[in-house]
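Colleague: Below is the file work.csv, with CSV, C-alpha atoms and all ligand atoms.
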```csv
chain,number,residue,atom,x,y,z
O,1,ARG,CA,125.5,80.7,56.3
O,2,THR,CA,123.6,79.5,53.3
O,3,VAL,CA,120.1,80.8,52.8
O,4,TYR,CA,117.3,79.8,50.4
O,5,VAL,CA,115.7,82.3,48.1
O,6,ASN,CA,113.2,81.1,45.4
O,7,GLY,CA,115.0,77.9,44.6
O,8,ASP,CA,118.6,79.2,45.0
O,9,TYR,CA,121.0,78.3,47.8
O,10,LEU,CA,123.2,81.4,48.4
O,11,PRO,CA,125.6,82.8,50.9
O,12,GLU,CA,123.5,85.1,53.1
O,13,ASP,CA,125.2,88.3,51.9
O,14,GLN,CA,124.3,87.5,48.2
O,15,ALA,CA,120.6,86.7,48.7
O,16,LYS,CA,118.3,89.4,47.3
O,17,VAL,CA,114.5,90.2,47.5
O,18,SER,CA,112.9,93.1,45.7
O,19,VAL,CA,112.2,96.3,47.6
O,20,PHE,CA,108.7,96.1,46.0
O,21,ASP,CA,108.0,92.7,47.5
O,22,ARG,CA,104.6,92.9,49.4
O,23,GLY,CA,106.2,91.1,52.3
O,24,PHE,CA,108.5,94.1,52.7
O,25,VAL,CA,106.1,97.0,52.1
O,26,MET,CA,102.9,95.5,53.4
O,27,ALA,CA,103.8,92.6,55.7
O,28,ASP,CA,101.9,90.5,53.2
O,29,GLY,CA,103.3,87.1,54.0
O,30,VAL,CA,103.2,84.1,56.3
O,31,TYR,CA,105.9,82.2,58.1
O,32,GLU,CA,106.8,79.1,60.1
O,33,VAL,CA,109.5,78.3,62.6
O,34,THR,CA,110.6,74.7,63.0
O,35,SER,CA,113.0,73.6,65.7
O,36,VAL,CA,115.9,71.4,65.0
O,37,LEU,CA,117.1,69.0,67.8
O,38,GLY,CA,120.0,66.6,67.2
O,39,GLY,CA,119.7,67.5,63.5
O,40,LYS,CA,116.1,66.4,63.3
O,41,LEU,CA,113.1,68.7,62.3
O,42,ILE,CA,110.6,68.8,65.1
O,43,ASP,CA,106.8,68.7,64.3
O,44,PHE,CA,107.6,69.5,60.7
O,45,GLY,CA,104.4,68.0,59.3
O,46,GLY,CA,102.3,70.3,61.6
O,47,HIS,CA,104.2,73.4,60.6
O,48,LEU,CA,103.8,72.5,56.9
O,49,ALA,CA,100.0,72.0,57.4
O,50,ARG,CA,99.6,75.3,59.1
O,51,LEU,CA,101.7,77.1,56.4
O,52,LYS,CA,99.2,75.8,53.8
O,53,ARG,CA,96.3,76.9,56.0
O,54,SER,CA,97.8,80.4,56.4
O,55,LEU,CA,98.5,80.7,52.6
O,56,GLU,CA,94.9,79.7,51.8
O,57,ALA,CA,93.4,82.2,54.3
O,58,LEU,CA,95.3,84.9,52.5
O,59,GLN,CA,94.5,83.6,49.0
O,60,MET,CA,98.1,83.1,48.3
O,61,ARG,CA,99.5,80.4,46.0
O,62,ASN,CA,101.6,77.7,47.6
O,63,PRO,CA,104.7,77.8,45.3
O,64,LEU,CA,106.3,74.5,46.5
O,65,SER,CA,105.4,70.9,47.2
O,66,ASP,CA,105.7,69.3,50.6
O,67,ASP,CA,108.7,67.4,49.4
O,68,ASP,CA,110.3,70.6,48.2
O,69,TYR,CA,109.9,72.3,51.6
O,70,LEU,CA,111.3,69.2,53.4
O,71,ALA,CA,114.2,68.9,51.0
O,72,ALA,CA,115.1,72.6,51.4
O,73,HIS,CA,114.9,72.4,55.2
O,74,ARG,CA,117.1,69.3,55.2
O,75,ARG,CA,119.7,70.8,52.9
O,76,LEU,CA,120.0,74.0,54.9
O,77,VAL,CA,120.3,72.1,58.2
O,78,ALA,CA,123.0,69.9,56.6
O,79,GLU,CA,124.9,72.7,54.8
O,80,ASN,CA,124.9,75.0,57.8
O,81,GLY,CA,125.7,72.2,60.3
O,82,VAL,CA,122.7,72.8,62.5
O,83,THR,CA,122.5,70.3,65.3
O,84,ASP,CA,120.3,72.4,67.6
O,85,GLY,CA,118.5,75.5,66.3
O,86,MET,CA,115.7,76.4,63.9
O,87,VAL,CA,114.7,76.8,60.4
O,88,TYR,CA,112.7,79.9,59.5
O,89,LEU,CA,110.4,79.7,56.4
O,90,GLN,CA,108.6,82.7,54.9
O,91,VAL,CA,106.3,83.0,51.9
O,92,THR,CA,105.3,86.5,50.8
O,93,ARG,CA,103.1,87.5,47.9
O,94,GLY,CA,106.0,88.9,45.9
O,95,ASN,CA,105.1,91.8,43.6
O,96,PRO,CA,106.4,92.4,40.1
O,97,GLY,CA,105.1,96.0,39.8
O,98,ASP,CA,104.1,99.2,41.6
O,99,ARG,CA,102.9,99.3,45.2
O,100,ASP,CA,99.2,98.8,45.2
O,101,PHE,CA,96.7,97.7,47.9
O,102,ALA,CA,95.1,95.3,45.3
O,103,PHE,CA,96.8,92.0,44.9
O,104,PRO,CA,99.2,91.6,41.9
O,105,PRO,CA,98.1,89.4,39.0
O,106,GLU,CA,97.2,85.8,39.8
O,107,ASP,CA,100.3,84.4,38.1
O,108,THR,CA,102.7,86.4,40.4
O,109,VAL,CA,105.3,84.2,41.9
O,110,PRO,CA,105.4,84.3,45.7
O,111,THR,CA,108.8,84.9,47.3
O,112,VAL,CA,110.1,82.0,49.4
O,113,VAL,CA,112.9,82.5,51.9
O,114,MET,CA,114.4,80.0,54.3
O,115,PHE,CA,117.3,80.4,56.7
O,116,THR,CA,118.6,78.6,59.8
O,117,GLN,CA,119.7,79.8,63.2
O,118,ASN,CA,122.0,77.9,65.4
O,119,LYS,CA,121.0,77.5,69.1
O,120,PRO,CA,123.5,75.1,70.7
O,121,GLY,CA,121.9,73.3,73.7
O,122,LEU,CA,118.4,74.4,72.8
O,123,ALA,CA,116.7,71.6,74.7
O,124,ASP,CA,118.7,72.3,77.8
O,125,ASN,CA,117.7,75.9,78.1
O,126,PRO,CA,118.5,76.9,81.7
O,127,ALA,CA,115.4,79.1,81.8
O,128,ALA,CA,113.3,75.9,81.9
O,129,LYS,CA,114.7,75.2,85.4
O,130,THR,CA,113.8,78.7,86.8
O,131,GLY,CA,110.8,79.5,84.6
O,132,TRP,CA,109.7,82.8,83.0
O,133,LYS,CA,108.2,85.9,84.6
O,134,VAL,CA,105.4,87.4,82.5
O,135,ILE,CA,103.5,90.6,82.6
O,136,THR,CA,100.1,91.2,81.1
O,137,THR,CA,99.1,93.8,78.5
O,138,GLU,CA,96.1,94.6,76.4
O,139,ASP,CA,95.9,92.5,73.2
O,140,LEU,CA,95.9,95.1,70.4
O,141,ARG,CA,96.6,92.8,67.5
O,142,TRP,CA,94.3,92.3,64.5
O,143,ALA,CA,91.4,89.8,64.8
O,144,ARG,CA,92.9,87.0,62.6
O,145,ARG,CA,95.6,85.7,64.9
O,146,ASP,CA,95.0,82.2,63.6
O,147,ILE,CA,96.9,83.2,60.4
O,148,LYS,CA,100.6,83.2,61.0
O,149,THR,CA,101.5,86.5,59.2
O,150,VAL,CA,104.8,88.3,59.3
O,151,GLN,CA,103.1,91.4,60.8
O,152,LEU,CA,104.7,91.1,64.3
O,153,LEU,CA,105.0,94.7,65.4
O,154,PHE,CA,102.5,94.5,68.2
O,155,PRO,CA,104.0,91.3,69.8
O,156,SER,CA,107.4,92.9,69.4
O,157,LEU,CA,106.2,96.0,71.3
O,158,ALA,CA,104.7,93.8,74.0
O,159,LYS,CA,107.9,91.8,74.3
O,160,MET,CA,109.8,95.1,74.8
O,161,GLU,CA,107.3,96.2,77.4
O,162,ALA,CA,108.0,92.9,79.2
O,163,LYS,CA,111.7,93.4,79.0
O,164,SER,CA,111.6,97.0,80.2
O,165,LYS,CA,109.7,95.6,83.3
O,166,GLY,CA,112.3,92.9,83.9
O,167,ALA,CA,110.1,90.1,82.7
O,168,ASP,CA,110.6,87.5,80.0
O,169,ASP,CA,107.4,87.8,78.1
O,170,ALA,CA,103.9,89.3,78.0
O,171,TRP,CA,100.6,87.5,78.1
O,172,LEU,CA,98.0,89.4,76.0
O,173,VAL,CA,94.6,90.1,77.4
O,174,GLU,CA,91.3,90.8,75.6
O,175,GLU,CA,88.0,91.4,77.4
O,176,GLY,CA,89.6,90.4,80.7
O,177,LYS,CA,90.8,87.0,79.4
O,178,VAL,CA,94.3,85.9,78.4
O,179,THR,CA,94.5,85.2,74.7
O,180,GLU,CA,98.2,84.0,74.4
O,181,GLY,CA,101.8,85.0,74.9
O,182,THR,CA,103.6,87.3,72.4
O,183,SER,CA,104.8,84.2,70.5
O,184,ASN,CA,103.4,81.2,72.4
O,185,ASN,CA,100.3,79.7,73.8
O,186,ALA,CA,99.4,80.2,77.5
O,187,TYR,CA,98.3,77.6,80.0
O,188,ILE,CA,97.4,77.3,83.7
O,189,VAL,CA,97.1,74.3,85.9
O,190,LYS,CA,94.5,74.1,88.7
O,191,GLY,CA,93.8,71.0,90.8
O,192,GLY,CA,95.7,68.9,88.2
O,193,THR,CA,93.6,70.2,85.2
O,194,ILE,CA,95.5,71.8,82.4
O,195,ILE,CA,93.5,74.9,81.1
O,196,THR,CA,94.3,76.6,77.9
O,197,ARG,CA,92.2,78.9,75.6
O,198,GLU,CA,90.0,77.1,73.0
O,199,LEU,CA,91.0,77.4,69.4
O,200,SER,CA,89.4,80.3,67.4
O,201,SER,CA,90.6,83.2,65.3
O,202,ASP,CA,91.6,84.9,68.6
O,203,ILE,CA,94.8,82.8,68.9
O,204,LEU,CA,97.4,81.1,66.8
O,205,HIS,CA,96.7,77.3,66.6
O,206,GLY,CA,100.1,76.3,68.1
O,207,ILE,CA,101.7,73.2,66.6
O,208,THR,CA,103.4,72.6,70.0
O,209,ARG,CA,100.0,73.1,71.7
O,210,ALA,CA,98.4,70.4,69.7
O,211,ALA,CA,101.2,67.9,70.5
O,212,VAL,CA,101.4,68.8,74.2
O,213,LEU,CA,97.6,68.5,74.6
O,214,ARG,CA,97.7,65.1,72.9
O,215,PHE,CA,100.5,63.9,75.2
O,216,ALA,CA,98.7,65.2,78.2
O,217,ARG,CA,95.5,63.3,77.3
O,218,GLU,CA,97.5,60.2,76.6
O,219,ALA,CA,99.1,60.5,80.0
O,220,GLN,CA,95.5,60.7,81.5
O,221,MET,CA,95.9,64.3,82.5
O,222,LYS,CA,92.7,66.4,82.5
O,223,VAL,CA,92.6,69.1,79.8
O,224,GLU,CA,90.0,72.0,79.6
O,225,GLU,CA,90.1,74.2,76.5
O,226,ARG,CA,88.6,77.5,77.7
O,227,SER,CA,89.6,81.0,78.4
O,228,PHE,CA,90.8,82.3,81.8
O,229,THR,CA,91.3,85.6,83.5
O,230,VAL,CA,94.5,87.1,84.8
O,231,ALA,CA,93.2,86.8,88.3
O,232,GLU,CA,92.4,83.1,87.8
O,233,ALA,CA,95.9,82.6,86.4
O,234,GLN,CA,97.5,84.3,89.4
O,235,GLU,CA,95.7,81.9,91.7
O,236,ALA,CA,96.6,78.8,89.7
O,237,ASP,CA,98.9,76.1,90.9
O,238,GLU,CA,101.1,76.4,87.8
O,239,ALA,CA,101.4,78.2,84.6
O,240,PHE,CA,103.4,77.6,81.4
O,241,ILE,CA,103.6,78.4,77.7
O,242,THR,CA,104.3,76.3,74.6
O,243,SER,CA,106.0,77.2,71.3
O,244,ALA,CA,108.1,75.6,68.7
O,245,SER,CA,111.2,77.4,70.0
O,246,ALA,CA,110.6,77.3,73.8
O,247,PHE,CA,108.9,73.8,73.8
O,248,VAL,CA,107.2,73.8,77.2
O,249,MET,CA,108.4,76.7,79.4
O,250,PRO,CA,107.2,77.1,82.9
O,251,VAL,CA,105.9,80.5,84.0
O,252,VAL,CA,106.5,81.3,87.7
O,253,SER,CA,105.0,84.8,88.1
O,254,ILE,CA,102.4,87.0,86.4
O,255,ASP,CA,102.5,90.7,86.9
O,256,GLY,CA,104.8,90.1,89.9
O,257,ALA,CA,102.4,87.6,91.6
O,258,ALA,CA,104.1,84.3,92.3
O,259,ILE,CA,102.3,81.3,90.8
O,260,GLY,CA,102.0,78.5,93.3
O,261,ASP,CA,105.2,78.6,95.4
O,262,GLY,CA,107.0,80.6,92.7
O,263,THR,CA,109.0,77.7,91.4
O,264,VAL,CA,108.6,75.3,88.4
O,265,GLY,CA,105.7,73.0,88.9
O,266,PRO,CA,105.5,69.2,88.3
O,267,VAL,CA,103.0,69.3,85.4
O,268,ALA,CA,105.0,71.8,83.4
O,269,ARG,CA,108.2,69.9,84.1
O,270,ARG,CA,106.7,66.5,83.1
O,271,LEU,CA,105.1,67.9,79.9
O,272,ARG,CA,108.4,69.4,78.9
O,273,GLU,CA,110.1,66.0,79.4
O,274,ILE,CA,107.4,64.1,77.5
O,275,TYR,CA,107.3,66.7,74.6
O,276,LEU,CA,111.0,66.7,74.1
O,277,GLU,CA,111.3,62.9,74.3
O,278,GLU,CA,108.4,62.2,72.0
O,279,SER,CA,108.9,65.0,69.5
O,280,VAL,CA,112.6,64.1,69.0
O,281,LYS,CA,111.6,60.5,68.5
O,282,ALA,CA,109.1,61.6,65.8
O,283,GLY,CA,111.5,64.1,64.3
O,284,VAL,CA,112.3,63.9,60.6
U,301,LIG,N1,101.0,82.1,69.5
U,301,LIG,C1,101.7,83.0,68.8
U,301,LIG,C2,101.2,84.4,68.7
U,301,LIG,C3,102.9,82.6,68.2
U,301,LIG,O1,103.6,83.5,67.5
U,301,LIG,C4,103.4,81.3,68.4
U,301,LIG,C5,104.7,80.9,67.8
U,301,LIG,N2,104.9,81.1,66.5
U,301,LIG,C6,102.6,80.4,69.1
U,301,LIG,C7,101.4,80.8,69.6
U,301,LIG,C8,103.1,78.9,69.3
U,301,LIG,O2,102.9,78.2,68.1
U,301,LIG,P1,103.9,77.0,67.7
U,301,LIG,O3,103.7,76.0,68.9
U,301,LIG,O4,103.3,76.4,66.5
U,301,LIG,O5,105.3,77.5,67.6
```
Would you mind writing the structure in this file as structure tokens?
Modeller:
Amino acid sequence: RTVYVNGDYLPEDQAKVSVFDRGFVMADGVYEVTSVLGGKLIDFGGHLARLKRSLEALQMRNPLSDDDYLAAHRRLVAENGVTDGMVYLQVTRGNPGDRDFAFPPEDTVPTVVMFTQNKPGLADNPAAKTGWKVITTEDLRWARRDIKTVQLLFPSLAKMEAKSKGADDAWLVEEGKVTEGTSNNAYIVKGGTIITRELSSDILHGITRAAVLRFAREAQMKVEERSFTVAEAQEADEAFITSASAFVMPVVSIDGAAIGDGTVGPVARRLREIYLEESVKAGV
């Protein structure tokens, strides 16, 4: 596999980043994941826009132009023969000198890394037919979840807790309300209305969320952006999550309680179909 490091395209075992890089010692960096379907980048513009927002929030320089990011994504997809899969993009603050809590000098060049992962048949994930089981757990992340940083230890622990309980993911809960999944936005459907937490610094502003809510409104579905409790979710007709890598994924149980009749619901199924169709059409 060819990977990208600071302008170079290298075999993965020859790519190097300094051990002093603040991404490595301080999780001082941001990232994006863009899905590839049929060789096309899905929602790439949205991911690029959010990358720039994350960089700005951390007062980090944006080292590349939009065209540079797009060209690098396309080159990696082509060189690595990715039909279905993803491109991972990470920008860290770099660091030319000693470890220090204070930022390095203004002219420090950030470290940019990109790589691809192949996921054959990504859009036909069989899990979308049966749905995910989720557990709930207290949301112990920091308070700026709207910045897509590489500090993913808590979501990783929550994912492991879910796996140890035989579930597929965890929904994170703060003050009794669901914030989001470990790596996805959370939704319920009640009486035909799609309910998902409003945007704030409490959650990541999902690119898939934005697209799915737009498609839902265009299809005359009712959308309410507000928080909901675990109990309300367990009594909902349907539940689902969205993310760049899972698209729209139905959720069929929460903490062991079946949602609706415990099978994939019509709203989640329809939104998944619409999202896949429209986002592939708009792919670049
Ligand atoms: N919330 C969190 C915490 C995430 O990590 C992700 C995926 N990166 C999402 C939501 C979904 O965002 P997107 O649709 O842009 O992948």
Colleague: With only C-alpha atoms as the atoms that count, which of O:Asn125, O:Gln90, O:Thr137, O:Thr182 lies nearest to Ser156 (chain O)?
Modeller: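 Nearest to Ser156 (chain O): O:Thr182.
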Colleague: Please list, as a ChimeraX atom specification, the residues that have an atom at most 8 Å away from (94.3, 85.5, 65.7) in the coordinates of this file, counting all atoms listed in the file.
Modeller: /O:141-147,200-204
Colleague: What is the distance between CA of Phe228 (chain O) and CA of Lys177 (chain O), in Å to one decimal?
Modeller: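 Calculated distance between CA of Phe228 (chain O) and CA of Lys177 (chain O) is 5.3 Å.
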Colleague: Which residues are near ligand LIG 301 (chain U) - at most 9 Å, using all atoms listed in the file? Format: as a CSV table (one decimal) with C-alpha atoms, in the frame of the given file.
Modeller:
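Dumped to part20.csv:
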```
chain,number,residue,atom,x,y,z
O,31,TYR,CA,105.9,82.2,58.1
O,32,GLU,CA,106.8,79.1,60.1
O,33,VAL,CA,109.5,78.3,62.6
O,34,THR,CA,110.6,74.7,63.0
O,35,SER,CA,113.0,73.6,65.7
O,43,ASP,CA,106.8,68.7,64.3
O,46,GLY,CA,102.3,70.3,61.6
O,47,HIS,CA,104.2,73.4,60.6
O,50,ARG,CA,99.6,75.3,59.1
O,145,ARG,CA,95.6,85.7,64.9
O,146,ASP,CA,95.0,82.2,63.6
O,148,LYS,CA,100.6,83.2,61.0
O,152,LEU,CA,104.7,91.1,64.3
O,155,PRO,CA,104.0,91.3,69.8
O,179,THR,CA,94.5,85.2,74.7
O,180,GLU,CA,98.2,84.0,74.4
O,181,GLY,CA,101.8,85.0,74.9
O,182,THR,CA,103.6,87.3,72.4
O,183,SER,CA,104.8,84.2,70.5
O,184,ASN,CA,103.4,81.2,72.4
O,185,ASN,CA,100.3,79.7,73.8
O,186,ALA,CA,99.4,80.2,77.5
O,203,ILE,CA,94.8,82.8,68.9
O,204,LEU,CA,97.4,81.1,66.8
O,205,HIS,CA,96.7,77.3,66.6
O,206,GLY,CA,100.1,76.3,68.1
O,207,ILE,CA,101.7,73.2,66.6
O,208,THR,CA,103.4,72.6,70.0
O,209,ARG,CA,100.0,73.1,71.7
O,210,ALA,CA,98.4,70.4,69.7
O,211,ALA,CA,101.2,67.9,70.5
O,241,ILE,CA,103.6,78.4,77.7
O,242,THR,CA,104.3,76.3,74.6
O,243,SER,CA,106.0,77.2,71.3
O,244,ALA,CA,108.1,75.6,68.7
O,245,SER,CA,111.2,77.4,70.0
O,246,ALA,CA,110.6,77.3,73.8
O,247,PHE,CA,108.9,73.8,73.8
```
Colleague: Restricting the calculation to all atoms listed in the file: of O:Tyr187, O:Phe240, O:Phe115, O:Phe215, which residue gets closest to Trp132 (chain O)?
Modeller: O:Phe240
Colleague: Kindly indicate which residue among O:Met160, O:Ala239, O:Met86, O:Val150 lies nearest to Val25 (chain O), using only C-alpha atoms for the distances.
Modeller: O:Val150
Colleague: Would you mind listing what lies within 12 Å of Arg214 (chain O) as an MDAnalysis selection string, with all atoms listed in the file counted and same-chain residues fewer than 4 positions away left out?
Modeller: chainID O and resid 194 207:210 218:223 271 274:275 278:279
Colleague: May I have the residues at most 6 Å from (97.8, 93.7, 75.3) in the file's coordinates, counting only C-alpha atoms, as a ChimeraX atom specification?
Modeller: /O:137-140,172-173
Colleague: Tell me, in Å to one decimal, how far CA of Leu48 (chain O) is from CA of Leu70 (chain O).
Modeller: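 The value is 8.9 Å.
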Colleague: Using only C-alpha atoms, which residue out of O:Gly23, O:Pro96, O:Gly283, O:Gly176 lies closest to Lys40 (chain O)?
Modeller: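 Residue with the minimum atom-to-atom distance to Lys40 (chain O): O:Gly283.
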Colleague: Just how far from CA of Arg74 (chain O) is CA of Leu10 (chain O), in Å to one decimal?
Modeller: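 A separation of 15.2 Å between them.
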Colleague: Kindly indicate which residue among O:Thr83, O:Thr196, O:Ser227, O:Ser54 lies nearest to Gly39 (chain O), using all atoms listed in the file for the distances.
Modeller: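 The answer is O:Thr83, which sits nearest to Gly39 (chain O).
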Colleague: So, counting all atoms listed in the file, which residue among O:Met26, O:Ala127, O:Val230, O:Leu153 is closest to Phe101 (chain O)?
Modeller: O:Met26
Colleague: For region 252-260 of chain O, work out the shell of residues within 7 Å, counting only C-alpha atoms and skipping chain neighbours fewer than 4 positions away, then give it as a ChimeraX atom specification.
Modeller: /O:131-136,234-239,264
Colleague: What's around Leu76 (chain O) at 8 Å? Count all atoms listed in the file, leave out sequence neighbours fewer than 3 positions away in its own chain, and write the answer as a CSV table (one decimal) with C-alpha atoms, in the frame of the given file.
Modeller:
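Below is the file that was written, out16.csv:
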```csv
chain,number,residue,atom,x,y,z
O,2,THR,CA,123.6,79.5,53.3
O,3,VAL,CA,120.1,80.8,52.8
O,4,TYR,CA,117.3,79.8,50.4
O,72,ALA,CA,115.1,72.6,51.4
O,73,HIS,CA,114.9,72.4,55.2
O,79,GLU,CA,124.9,72.7,54.8
O,80,ASN,CA,124.9,75.0,57.8
O,115,PHE,CA,117.3,80.4,56.7
O,116,THR,CA,118.6,78.6,59.8
```
